[in-house]
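Working notes, structure below.
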Amino acid sequence: MSERLSAAFAKNRAALVTFVTCGDPSAEQTPAVLDALVEAGADVIELGMPFTDPMADGPAIQAGGIRALTNGMTLRKTLAIAADFRNRHPETPLILMGYLNPLLSYGDGFAADAVKAGVDGCIIVDLPPEEDEELGPAFRKAGLHFIRLATPTTDEDRLPAVLNGASGFLYYVSVAGVTGTASAATADVGAAVARIKRETDLPVAVGFGIRTPEQAAAIARVADGVVVGSAIVDLVGENPSDPAPAVFKYVQSLSEAVKSAT
Amino acid sequence: MTTKSLRAGPDERGHFGQFGGRYVAETLMPLILELEREYRRAQADPEFEREFHHLLHHYVGRPSPLYFAERMTDAIGGAKIYLKRDELNHTGAHKINNCIGQILLARRMGKTRIIAETGAGQHGVATATVCARFGLPCTVFMGAEDMRRQQPNVFRMKLLGADVRGVTSGRGTLKDAMNEALRDWVANVADTYYLIGTSAGPHPYPELVRDFQSVIGKEAREQIQSMEGKLPDMLVAAIGGGSNAIGLFHPFLDDASVRMIGVEAAGKGLDGREHAASLTGGRPGVLHGNKTYLLQDEDGQITEGHSISAGLDYPGIGPEHSWLHEIGRIDYRSATDQQALDAFQFLCRTEGIIPALEPAHALHVVRDIAEGMTKDQIIIANLCGRGDKDIFTVADALGVEL
């Protein structure tokens with residue numbers, strides 16, 4: 001497996017993980033948006049694979065997905081954009097995030113093709129450990145990290161099942177809800193992260209509902225990574241003709257907050 | 001070696017062959033595992049069974065009649081046609097059978113708020129009904145486009161005290177309503193029960209909805225044996241998600257002499273994209289928590305179904321049907337909007353029964369096959385809903401202004 005992810009989490013501070021939807025608002029603009037994320041200080045990039053029925057996502061990421069699909073984004077084009085990113089940025093870890101059906105539709109070659117495109121791992125929202133055999137063995141064979149999600153409903157009895165087969169990092173979903181809506185109390189997040197870290201050596205990144213530099217700094221103090229998605233996707237939606245500058249400015253403010261959070 | 005029963009599924013992981021399963025976000029996984037545990041406890045509890053049947057009898061009005069459609073039989077001139085009259089149930093469709101079962105489960109689990117999705121509004125009305133009956137707050141998600149098409153059912157739900165939320169995401173139809181219900185459930189995990197309306201979704205929903213709807217087939221089996229002294233030759237039912245069909249078919253699956261036809265909505269024709277025939281025009285994929293046949297494009301994006309019947313207008317189908325299709329136990333066919341409209345009018349005039357547009361699809365296939373069968377053969381068709389809700393749609397299709 002690639003070492004890019006472990007390197008990104010090995011710094012002496014929390015990693016900033018940023019999400020954008022591939023092809024939002026169009027395939028032509030995604031490379032510039034990705035470059036802006038890296039230049040602004042993002043440590044890990046999550047690239048969303050748009051899907052017609054994103055049942056765990058709130059309005060912002062739903063809208064981003066619709067913009068991307070309307071403008072013709074596909075999984076094949078997403079992999080091409082990933083490969084292109086990897087050529088420009090050999091060091092920055094790149095994660096694909098989305099739903100299972102487009103991957104099933106792509107077929108057995110997905111894991112190998114993703115690795116070839118320089119992708120480090122995947123988060124598949126609707127593939128719980130119970131259905132791991134759908135992709136897990138293929139991912140491990142190809143050397144693609146399978147990044148699992150833990151949530152406030154994942155109790156201690158269940159956590160080992162979630163961790164079994166997980167690699168790269170663990171994504172802690174800090175609120176029971178969809179993306180981009182409610183925010184969790186930092187104290188609750190800290191307790192949950194501590195509980196998870198007793199069971200695993202994987203880095204734990206926390207996401208859902210983090211919007212402001214202050215929130216990012218607070219989470220950075222209690223977790224190994226801070227994930228911001230909907231707020232960036234909103235900025236892309238508000239600046240459709242040239243989203244990169246607004247994204248750069250905002251992510252820079254997050255990065256500074258995370259770096260100074262000690 | 002004995003032949004394995006076709007009624008034994010799903011396996012302990014909720015799979016029917018390669019179909020079914022539990023493809024949900026981690027937040028929901030503990031909830032559906034708890035639902036499964038509670039359902040197993042309920043199955044082992046005679047009191048649950050007693051209460052379910054008590055309500056089906058006294059509140060829903062079961063058993064529904066098995067009616068010999070004599071004039072329809074004569075008009076076609078072939079097999080004897082029986083109609084399972086589930087349109088006579090309280091609320092006018094088979095949907096209430098499942099709602100009674102699930103509301104009892106929700107109460108056992110101590111849930112205090114019910115959510116549901118609805119397409120045509122029949123499941124929404126049935127859910128609002130049982131929520132009123134048990135004094136539980138009810139939120140129904142309904143596509144904005146469906147709300148426009150089904151105003152009377154929207155008003156019924158409101159009369160029954162439900163909060164009807166219009167869904168504008170996607171195209172504002174049933175699949176989008178289901179997405180929105182899942183999003184609500186993820187955000188309200190502690191107190192909320194999701195009362196799914198068809199035999200689809202993550203395990204154990206396809207199993208428990210089938211079990212509650214199987215009252216249709218169990219009754220029909222007893223009724224036909226007492227009326228005719230033998231089993232039927234053919235069962236026919238319409239399929240959207242497939243709950244009325246699996247309810248009729250399941251008790252007969254091991255009776256090799258009983259043939260079965262499930263009828264999907266061919267909309268404006270299977271050659272185009274405006275249909276809702278997942279088995280005929282789709283391929284396996286994962287949506288709404290289960291693996292099943294889906295209407296999708298070459299990139300795995302879900303496409304919208306179309307049918308004149310809002311209740312069949314769903315791009316997927318229950319996973320057990322996908323399995324029964326693949327093993328060849330059930331024959332799946334389709335009927336177009338026009339064929340359903342013709343069968344709708346035919347039943348009105350031959351039997352004095354206004355069917356819903358959903359079973360009108362099944363009646364088209366009955367008309368098609370009965371003629372080629374002999375007079376001593378028997379067909380049972382599931383008349384799963386009444387047509388009051390559809391009169392505006394039908395008037396519109398016939399060019400009549402009301």
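Ligands are numbered from 1 in the order shown, chains are lettered A, B, ... in the order of the structure tokens, and residues start at 1 in each chain.
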Inset, instruction - For region 158-166 of chain A, work out the shell of residues within 6 Å, counting only C-alpha atoms and skipping chain neighbours fewer than 2 positions away, then give it as a list in words. - result: Pro129, Phe146, Ile147, Arg148, Thr154, Asp155 and Glu156 of chain A
Same residues, C-alpha atoms, saved as an mmCIF file, in the first residue's frame:
data_model
loop_
_atom_site.group_PDB
_atom_site.id
_atom_site.type_symbol
_atom_site.label_atom_id
_atom_site.label_comp_id
_atom_site.auth_asym_id
_atom_site.auth_seq_id
_atom_site.Cartn_x
_atom_site.Cartn_y
_atom_site.Cartn_z
ATOM 1 C CA PRO A 129 -18.114 -4.415 7.064
ATOM 2 C CA PHE A 146 -10.133 0.652 2.532
ATOM 3 C CA ILE A 147 -11.073 3.564 4.767
ATOM 4 C CA ARG A 148 -13.935 2.730 7.077
ATOM 5 C CA THR A 154 -20.911 2.385 16.446
ATOM 6 C CA ASP A 155 -20.735 0.999 19.984
ATOM 7 C CA GLU A 156 -17.877 -0.875 21.606
#
Inset, instruction - Would you return as a PyMOL selection string the members of region 31-143 of chain B that DSSP assigns to alpha helix (DSSP H) on this structure's backbone? - result: chain B and resi 31-43+46-55+70-76+95-108+122-134
Inset, instruction - Point out the residue among B:Ser334, B:Thr173, B:Thr91, B:Gln296 with the least atom-to-atom distance to Arg149 (chain B), counting only C-alpha atoms. - result: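 Of B:Ser334, B:Thr173, B:Thr91, B:Gln296, the one nearest Arg149 (chain B), counting only C-alpha atoms, is B:Thr173.
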Counting only C-alpha atoms, give me one row per residue of chain A with an atom at most 8 Å from an atom of chain B, showing the shortest contact pair and its distance in Å to one decimal, sorted by chain then residue number, as a tab-separated table.
residue	atom	partner	partner_atom	distance
A:Phe51	CA	B:Gln301	CA	6.1
A:Thr52	CA	B:Gln301	CA	5.7
A:Asp53	CA	B:Asn179	CA	6.8
A:Pro54	CA	B:Asn179	CA	7.6
A:Met55	CA	B:Asn179	CA	5.1
A:Ala56	CA	B:Arg183	CA	6.1
A:Asp57	CA	B:Arg183	CA	7.6
A:Gly58	CA	B:Arg183	CA	7.9
A:Thr74	CA	B:Asp299	CA	6.3
A:Leu75	CA	B:Asp299	CA	6.9
A:Leu100	CA	B:Val286	CA	6.8
A:Asn101	CA	B:Val286	CA	5.2
A:Pro102	CA	B:Gly300	CA	4.2
A:Leu103	CA	B:Gly300	CA	7.5
A:Leu104	CA	B:Gly285	CA	6.8
A:Ser105	CA	B:Gly300	CA	5.0
A:Tyr106	CA	B:Asp299	CA	6.8
A:Val125	CA	B:Ala25	CA	5.5
A:Asp126	CA	B:Val24	CA	4.5
A:Leu127	CA	B:Tyr23	CA	5.4
A:Pro128	CA	B:Glu26	CA	6.0
A:Glu130	CA	B:Arg22	CA	7.2
A:Glu131	CA	B:Tyr23	CA	6.9
A:Leu149	CA	B:Glu26	CA	6.5
A:Ala150	CA	B:Glu26	CA	6.5
A:Thr151	CA	B:Thr27	CA	5.6
A:Pro152	CA	B:Thr27	CA	7.2
A:Thr153	CA	B:Thr27	CA	5.6
A:Thr154	CA	B:Pro30	CA	6.8
A:Ala176	CA	B:Ala187	CA	5.1
A:Gly177	CA	B:Ala187	CA	3.8
A:Val178	CA	B:Arg183	CA	6.2
Selection above as a file: C-alpha atoms, as a JSON list (two decimals), in the first residue's frame:
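selection-v8.json was written with the following content:
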[["chain", "number", "residue", "atom", "x", "y", "z"],
["A", 51, "PHE", "CA", -23.84, 9.50, -7.60],
["A", 52, "THR", "CA", -27.50, 10.14, -8.39],
["A", 53, "ASP", "CA", -28.67, 8.91, -4.98],
["A", 54, "PRO", "CA", -26.25, 10.10, -2.27],
["A", 55, "MET", "CA", -28.37, 9.03, 0.69],
["A", 56, "ALA", "CA", -25.85, 9.98, 3.39],
["A", 57, "ASP", "CA", -25.24, 13.47, 2.05],
["A", 58, "GLY", "CA", -26.89, 16.77, 2.87],
["A", 74, "THR", "CA", -18.29, 9.54, -14.89],
["A", 75, "LEU", "CA", -16.14, 7.19, -12.84],
["A", 100, "LEU", "CA", -20.97, 1.48, -4.25],
["A", 101, "ASN", "CA", -23.10, 1.24, -7.38],
["A", 102, "PRO", "CA", -20.87, 3.12, -9.84],
["A", 103, "LEU", "CA", -17.93, 0.94, -8.69],
["A", 104, "LEU", "CA", -19.93, -2.25, -9.23],
["A", 105, "SER", "CA", -20.94, -0.96, -12.62],
["A", 106, "TYR", "CA", -17.29, -0.21, -13.47],
["A", 125, "VAL", "CA", -20.31, 5.11, 2.26],
["A", 126, "ASP", "CA", -22.81, 2.30, 1.70],
["A", 127, "LEU", "CA", -20.44, -0.64, 2.09],
["A", 128, "PRO", "CA", -20.40, -1.64, 5.78],
["A", 130, "GLU", "CA", -21.01, -6.86, 6.72],
["A", 131, "GLU", "CA", -20.70, -6.61, 2.91],
["A", 149, "LEU", "CA", -16.36, 4.97, 8.91],
["A", 150, "ALA", "CA", -17.24, 4.86, 12.58],
["A", 151, "THR", "CA", -20.18, 6.87, 13.91],
["A", 152, "PRO", "CA", -21.83, 7.79, 17.21],
["A", 153, "THR", "CA", -23.97, 4.65, 16.78],
["A", 154, "THR", "CA", -20.91, 2.39, 16.45],
["A", 176, "ALA", "CA", -25.62, 11.02, 13.51],
["A", 177, "GLY", "CA", -26.85, 12.79, 10.42],
["A", 178, "VAL", "CA", -26.02, 13.68, 6.83]]
Inset, instruction - Enter the distance from CA of Phe248 (chain A) to CA of Val226 (chain A), in Å, rounded to one decimal. - result: 16.9 Å
Inset, instruction - Would you mind reading off the distance between CA of Gly124 (chain B) and CA of Asp331 (chain B), one decimal, in Å? - result: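 Computing the Euclidean distance for CA of Gly124 (chain B) and CA of Asp331 (chain B) yields 29.6 Å.
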Legend entry - Counting only C-alpha atoms, the residue of A:Asp234, A:Asp188, A:Glu256, A:Asp242 that sits nearest Ala36 (chain A):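 Using only C-alpha atoms, the shortest distance to Ala36 (chain A) belongs to A:Asp242.
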Inset, instruction - Identify, on the basis of only C-alpha atoms, every residue whose closest approach to Gly64 (chain A) does not exceed 7 Å; exclude the query and any residue fewer than 5 positions from it along the same chain; express the result as a VMD selection string. - result: chain A and resid 21 24 233 237
Restricting it to C-alpha atoms, dump the selection as a short mmCIF file (atom, residue, chain, number, x, y, z; two decimals), in the first residue's frame.
data_model
loop_
_atom_site.label_atom_id
_atom_site.label_comp_id
_atom_site.auth_asym_id
_atom_site.auth_seq_id
_atom_site.Cartn_x
_atom_site.Cartn_y
_atom_site.Cartn_z
CA THR A 21 -16.77 16.47 -5.84
CA ASP A 24 -18.09 19.99 -9.92
CA VAL A 233 -18.53 22.36 -2.05
CA GLY A 237 -21.35 26.16 -6.10
#
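The space separating CA of Val17 (chain A) from CA of Phe110 (chain A) comes to 23.4 Å.
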Legend entry - Nearest residue to Gly242 (chain B) from the set B:His90, B:Lys95, B:Arg85, B:Lys375 (distances using only C-alpha atoms): B:Lys95
Inset, instruction - Taking the DSSP assignment computed from this structure's backbone, write out as a VMD selection string all residues of region 276-366 of chain B that belong to strand (DSSP E). - result: chain B and resid 283 to 287 289 to 294 331 to 336
Can you write just those residues out, N, CA, C and O atoms, as a PDB file, in the first residue's frame?
ATOM      1  N   ARG B 283     -30.223  -4.001 -14.713  1.00  0.00           N
ATOM      2  CA  ARG B 283     -29.214  -5.013 -14.374  1.00  0.00           C
ATOM      3  C   ARG B 283     -28.868  -4.865 -12.892  1.00  0.00           C
ATOM      4  O   ARG B 283     -29.174  -3.841 -12.278  1.00  0.00           O
ATOM      5  N   PRO B 284     -28.218  -5.898 -12.304  1.00  0.00           N
ATOM      6  CA  PRO B 284     -27.982  -5.861 -10.857  1.00  0.00           C
ATOM      7  C   PRO B 284     -27.102  -4.694 -10.413  1.00  0.00           C
ATOM      8  O   PRO B 284     -26.154  -4.309 -11.111  1.00  0.00           O
ATOM      9  N   GLY B 285     -27.430  -4.145  -9.270  1.00  0.00           N
ATOM     10  CA  GLY B 285     -26.660  -3.060  -8.682  1.00  0.00           C
ATOM     11  C   GLY B 285     -27.102  -2.882  -7.236  1.00  0.00           C
ATOM     12  O   GLY B 285     -27.850  -3.708  -6.708  1.00  0.00           O
ATOM     13  N   VAL B 286     -26.638  -1.810  -6.607  1.00  0.00           N
ATOM     14  CA  VAL B 286     -26.967  -1.560  -5.198  1.00  0.00           C
ATOM     15  C   VAL B 286     -27.598  -0.181  -5.042  1.00  0.00           C
ATOM     16  O   VAL B 286     -27.033   0.822  -5.491  1.00  0.00           O
ATOM     17  N   LEU B 287     -28.777  -0.146  -4.454  1.00  0.00           N
ATOM     18  CA  LEU B 287     -29.467   1.112  -4.153  1.00  0.00           C
ATOM     19  C   LEU B 287     -30.353   0.881  -2.932  1.00  0.00           C
ATOM     20  O   LEU B 287     -30.922  -0.196  -2.779  1.00  0.00           O
ATOM     21  N   GLY B 289     -29.904   0.262   0.084  1.00  0.00           N
ATOM     22  CA  GLY B 289     -29.592  -0.765   1.073  1.00  0.00           C
ATOM     23  C   GLY B 289     -29.585  -2.195   0.591  1.00  0.00           C
ATOM     24  O   GLY B 289     -29.249  -3.091   1.351  1.00  0.00           O
ATOM     25  N   ASN B 290     -29.968  -2.433  -0.656  1.00  0.00           N
ATOM     26  CA  ASN B 290     -29.957  -3.828  -1.129  1.00  0.00           C
ATOM     27  C   ASN B 290     -29.439  -3.951  -2.544  1.00  0.00           C
ATOM     28  O   ASN B 290     -29.481  -3.008  -3.325  1.00  0.00           O
ATOM     29  N   LYS B 291     -28.926  -5.177  -2.819  1.00  0.00           N
ATOM     30  CA  LYS B 291     -28.492  -5.473  -4.189  1.00  0.00           C
ATOM     31  C   LYS B 291     -29.663  -6.094  -4.930  1.00  0.00           C
ATOM     32  O   LYS B 291     -30.292  -7.035  -4.435  1.00  0.00           O
ATOM     33  N   THR B 292     -29.950  -5.556  -6.088  1.00  0.00           N
ATOM     34  CA  THR B 292     -31.110  -6.030  -6.832  1.00  0.00           C
ATOM     35  C   THR B 292     -31.025  -5.511  -8.263  1.00  0.00           C
ATOM     36  O   THR B 292     -30.097  -4.763  -8.606  1.00  0.00           O
ATOM     37  N   TYR B 293     -31.971  -5.896  -9.112  1.00  0.00           N
ATOM     38  CA  TYR B 293     -32.015  -5.325 -10.459  1.00  0.00           C
ATOM     39  C   TYR B 293     -32.440  -3.859 -10.388  1.00  0.00           C
ATOM     40  O   TYR B 293     -33.390  -3.527  -9.673  1.00  0.00           O
ATOM     41  N   LEU B 294     -31.726  -3.011 -11.125  1.00  0.00           N
ATOM     42  CA  LEU B 294     -31.985  -1.573 -11.097  1.00  0.00           C
ATOM     43  C   LEU B 294     -31.957  -0.998 -12.505  1.00  0.00           C
ATOM     44  O   LEU B 294     -31.177  -1.454 -13.350  1.00  0.00           O
ATOM     45  N   ASP B 331     -42.002 -16.162 -13.680  1.00  0.00           N
ATOM     46  CA  ASP B 331     -41.911 -15.564 -15.000  1.00  0.00           C
ATOM     47  C   ASP B 331     -42.267 -14.075 -14.848  1.00  0.00           C
ATOM     48  O   ASP B 331     -43.302 -13.748 -14.278  1.00  0.00           O
ATOM     49  N   TYR B 332     -41.373 -13.195 -15.274  1.00  0.00           N
ATOM     50  CA  TYR B 332     -41.664 -11.765 -15.141  1.00  0.00           C
ATOM     51  C   TYR B 332     -41.941 -11.177 -16.508  1.00  0.00           C
ATOM     52  O   TYR B 332     -41.145 -11.341 -17.440  1.00  0.00           O
ATOM     53  N   ARG B 333     -43.091 -10.533 -16.620  1.00  0.00           N
ATOM     54  CA  ARG B 333     -43.487  -9.908 -17.882  1.00  0.00           C
ATOM     55  C   ARG B 333     -43.798  -8.442 -17.607  1.00  0.00           C
ATOM     56  O   ARG B 333     -43.593  -7.949 -16.506  1.00  0.00           O
ATOM     57  N   SER B 334     -44.345  -7.762 -18.594  1.00  0.00           N
ATOM     58  CA  SER B 334     -44.666  -6.352 -18.370  1.00  0.00           C
ATOM     59  C   SER B 334     -45.925  -5.964 -19.129  1.00  0.00           C
ATOM     60  O   SER B 334     -46.361  -6.679 -20.031  1.00  0.00           O
ATOM     61  N   ALA B 335     -46.505  -4.846 -18.715  1.00  0.00           N
ATOM     62  CA  ALA B 335     -47.668  -4.282 -19.396  1.00  0.00           C
ATOM     63  C   ALA B 335     -47.429  -2.785 -19.553  1.00  0.00           C
ATOM     64  O   ALA B 335     -46.895  -2.140 -18.644  1.00  0.00           O
ATOM     65  N   THR B 336     -47.811  -2.248 -20.705  1.00  0.00           N
ATOM     66  CA  THR B 336     -47.624  -0.814 -20.955  1.00  0.00           C
ATOM     67  C   THR B 336     -48.734   0.000 -20.281  1.00  0.00           C
ATOM     68  O   THR B 336     -49.756  -0.542 -19.845  1.00  0.00           O
TER      69      THR B 336
END
Inset, instruction - With a distance cut-off of 10 Å and only C-alpha atoms, select the neighbouring residues of His145 (chain A), excluding the residue or stretch itself and same-chain residues fewer than 5 positions from it, and output the selection as a count of residues only. - result: 19
Inset, instruction - Have a look at B:Ser309, B:Gln151, B:Thr393, B:Asn89 and name the one nearest to Glu264 (chain B); count only C-alpha atoms. - result: B:Ser309
Legend entry - Exercise: region 251-257 of chain B partners within 9 Å, only C-alpha atoms, chain neighbours under 3 positions left out, as a PyMOL selection string: chain B and resi 5-7+214-218+221+231-234+246-248+260+329-330
Write out the residues from the selection above, keeping N, CA, C and O atoms, as a PDB file, in the first residue's frame.
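See part.pdb below for the written result:
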ATOM      1  N   SER B   5     -36.103 -25.927   0.189  1.00  0.00           N
ATOM      2  CA  SER B   5     -37.293 -25.103   0.032  1.00  0.00           C
ATOM      3  C   SER B   5     -36.944 -23.744  -0.563  1.00  0.00           C
ATOM      4  O   SER B   5     -35.941 -23.130  -0.192  1.00  0.00           O
ATOM      5  N   LEU B   6     -37.776 -23.296  -1.475  1.00  0.00           N
ATOM      6  CA  LEU B   6     -37.589 -21.956  -2.052  1.00  0.00           C
ATOM      7  C   LEU B   6     -38.093 -20.877  -1.095  1.00  0.00           C
ATOM      8  O   LEU B   6     -37.959 -19.699  -1.360  1.00  0.00           O
ATOM      9  N   ARG B   7     -38.686 -21.327   0.022  1.00  0.00           N
ATOM     10  CA  ARG B   7     -39.240 -20.360   0.981  1.00  0.00           C
ATOM     11  C   ARG B   7     -38.299 -20.130   2.145  1.00  0.00           C
ATOM     12  O   ARG B   7     -38.651 -19.457   3.107  1.00  0.00           O
ATOM     13  N   SER B 214     -47.466 -11.915   3.378  1.00  0.00           N
ATOM     14  CA  SER B 214     -47.774 -13.306   3.012  1.00  0.00           C
ATOM     15  C   SER B 214     -49.152 -13.745   3.490  1.00  0.00           C
ATOM     16  O   SER B 214     -49.639 -14.805   3.088  1.00  0.00           O
ATOM     17  N   VAL B 215     -49.775 -12.936   4.331  1.00  0.00           N
ATOM     18  CA  VAL B 215     -51.150 -13.229   4.726  1.00  0.00           C
ATOM     19  C   VAL B 215     -52.038 -13.325   3.477  1.00  0.00           C
ATOM     20  O   VAL B 215     -52.995 -14.102   3.445  1.00  0.00           O
ATOM     21  N   ILE B 216     -51.680 -12.593   2.422  1.00  0.00           N
ATOM     22  CA  ILE B 216     -52.466 -12.619   1.176  1.00  0.00           C
ATOM     23  C   ILE B 216     -52.437 -14.038   0.579  1.00  0.00           C
ATOM     24  O   ILE B 216     -53.479 -14.631   0.273  1.00  0.00           O
ATOM     25  N   GLY B 217     -51.232 -14.575   0.421  1.00  0.00           N
ATOM     26  CA  GLY B 217     -51.096 -15.887  -0.195  1.00  0.00           C
ATOM     27  C   GLY B 217     -51.600 -17.020   0.696  1.00  0.00           C
ATOM     28  O   GLY B 217     -52.171 -17.996   0.212  1.00  0.00           O
ATOM     29  N   LYS B 218     -51.391 -16.862   2.008  1.00  0.00           N
ATOM     30  CA  LYS B 218     -51.865 -17.915   2.925  1.00  0.00           C
ATOM     31  C   LYS B 218     -53.383 -18.024   2.865  1.00  0.00           C
ATOM     32  O   LYS B 218     -53.947 -19.120   2.805  1.00  0.00           O
ATOM     33  N   ARG B 221     -54.513 -19.484  -0.519  1.00  0.00           N
ATOM     34  CA  ARG B 221     -54.252 -20.923  -0.607  1.00  0.00           C
ATOM     35  C   ARG B 221     -55.384 -21.714   0.059  1.00  0.00           C
ATOM     36  O   ARG B 221     -55.909 -22.673  -0.503  1.00  0.00           O
ATOM     37  N   LEU B 231     -55.151 -26.653  -5.846  1.00  0.00           N
ATOM     38  CA  LEU B 231     -54.339 -25.437  -5.935  1.00  0.00           C
ATOM     39  C   LEU B 231     -54.569 -24.761  -7.288  1.00  0.00           C
ATOM     40  O   LEU B 231     -54.983 -25.407  -8.249  1.00  0.00           O
ATOM     41  N   PRO B 232     -54.287 -23.469  -7.364  1.00  0.00           N
ATOM     42  CA  PRO B 232     -54.414 -22.786  -8.653  1.00  0.00           C
ATOM     43  C   PRO B 232     -53.306 -23.223  -9.614  1.00  0.00           C
ATOM     44  O   PRO B 232     -52.291 -23.776  -9.197  1.00  0.00           O
ATOM     45  N   ASP B 233     -53.530 -22.964 -10.896  1.00  0.00           N
ATOM     46  CA  ASP B 233     -52.494 -23.247 -11.904  1.00  0.00           C
ATOM     47  C   ASP B 233     -51.576 -22.059 -12.103  1.00  0.00           C
ATOM     48  O   ASP B 233     -50.434 -22.209 -12.513  1.00  0.00           O
ATOM     49  N   MET B 234     -52.115 -20.872 -11.816  1.00  0.00           N
ATOM     50  CA  MET B 234     -51.360 -19.660 -12.146  1.00  0.00           C
ATOM     51  C   MET B 234     -51.685 -18.552 -11.155  1.00  0.00           C
ATOM     52  O   MET B 234     -52.842 -18.370 -10.784  1.00  0.00           O
ATOM     53  N   ILE B 246     -44.980 -10.653  -3.825  1.00  0.00           N
ATOM     54  CA  ILE B 246     -44.291 -11.647  -2.997  1.00  0.00           C
ATOM     55  C   ILE B 246     -45.241 -12.161  -1.914  1.00  0.00           C
ATOM     56  O   ILE B 246     -45.191 -13.331  -1.526  1.00  0.00           O
ATOM     57  N   GLY B 247     -46.165 -11.295  -1.464  1.00  0.00           N
ATOM     58  CA  GLY B 247     -47.151 -11.719  -0.469  1.00  0.00           C
ATOM     59  C   GLY B 247     -48.074 -12.797  -0.995  1.00  0.00           C
ATOM     60  O   GLY B 247     -48.424 -13.744  -0.285  1.00  0.00           O
ATOM     61  N   LEU B 248     -48.482 -12.684  -2.247  1.00  0.00           N
ATOM     62  CA  LEU B 248     -49.326 -13.725  -2.851  1.00  0.00           C
ATOM     63  C   LEU B 248     -48.500 -14.959  -3.204  1.00  0.00           C
ATOM     64  O   LEU B 248     -48.912 -16.092  -2.953  1.00  0.00           O
ATOM     65  N   MET B 260     -46.271 -18.809 -11.809  1.00  0.00           N
ATOM     66  CA  MET B 260     -46.457 -17.437 -11.316  1.00  0.00           C
ATOM     67  C   MET B 260     -45.904 -16.439 -12.317  1.00  0.00           C
ATOM     68  O   MET B 260     -44.846 -16.678 -12.895  1.00  0.00           O
ATOM     69  N   ARG B 329     -37.886 -19.372 -11.217  1.00  0.00           N
ATOM     70  CA  ARG B 329     -39.105 -19.880 -10.586  1.00  0.00           C
ATOM     71  C   ARG B 329     -40.324 -19.055 -11.001  1.00  0.00           C
ATOM     72  O   ARG B 329     -41.426 -19.570 -11.091  1.00  0.00           O
ATOM     73  N   ILE B 330     -40.125 -17.763 -11.189  1.00  0.00           N
ATOM     74  CA  ILE B 330     -41.241 -16.892 -11.551  1.00  0.00           C
ATOM     75  C   ILE B 330     -40.952 -16.265 -12.909  1.00  0.00           C
ATOM     76  O   ILE B 330     -39.811 -15.918 -13.221  1.00  0.00           O
TER      77      ILE B 330
END
Inset, instruction - Find the residues around Val236 (chain A) up to 9 Å (only C-alpha atoms counted), leave out those fewer than 6 positions away in its own chain, and share them as an MDAnalysis selection string. - result: chainID A and resid 20 24:25 33 64 242:244 246:247
Legend entry - Selected residue, from B:Val60, B:His275, B:Ile308, B:Asp368, that lies nearest to Asp396 (chain B) when counting only C-alpha atoms: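 The answer is B:Ile308, which sits nearest to Asp396 (chain B).
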Inset, instruction - Tell me, as a PyMOL selection string, which residues lie within 12 Å of Ala220 (chain B), counting only C-alpha atoms; anything in the same chain fewer than 3 positions away does not count. - result: chain B and resi 62-68+82-86+213-217+223-228+230-232+235+247-252+379-383
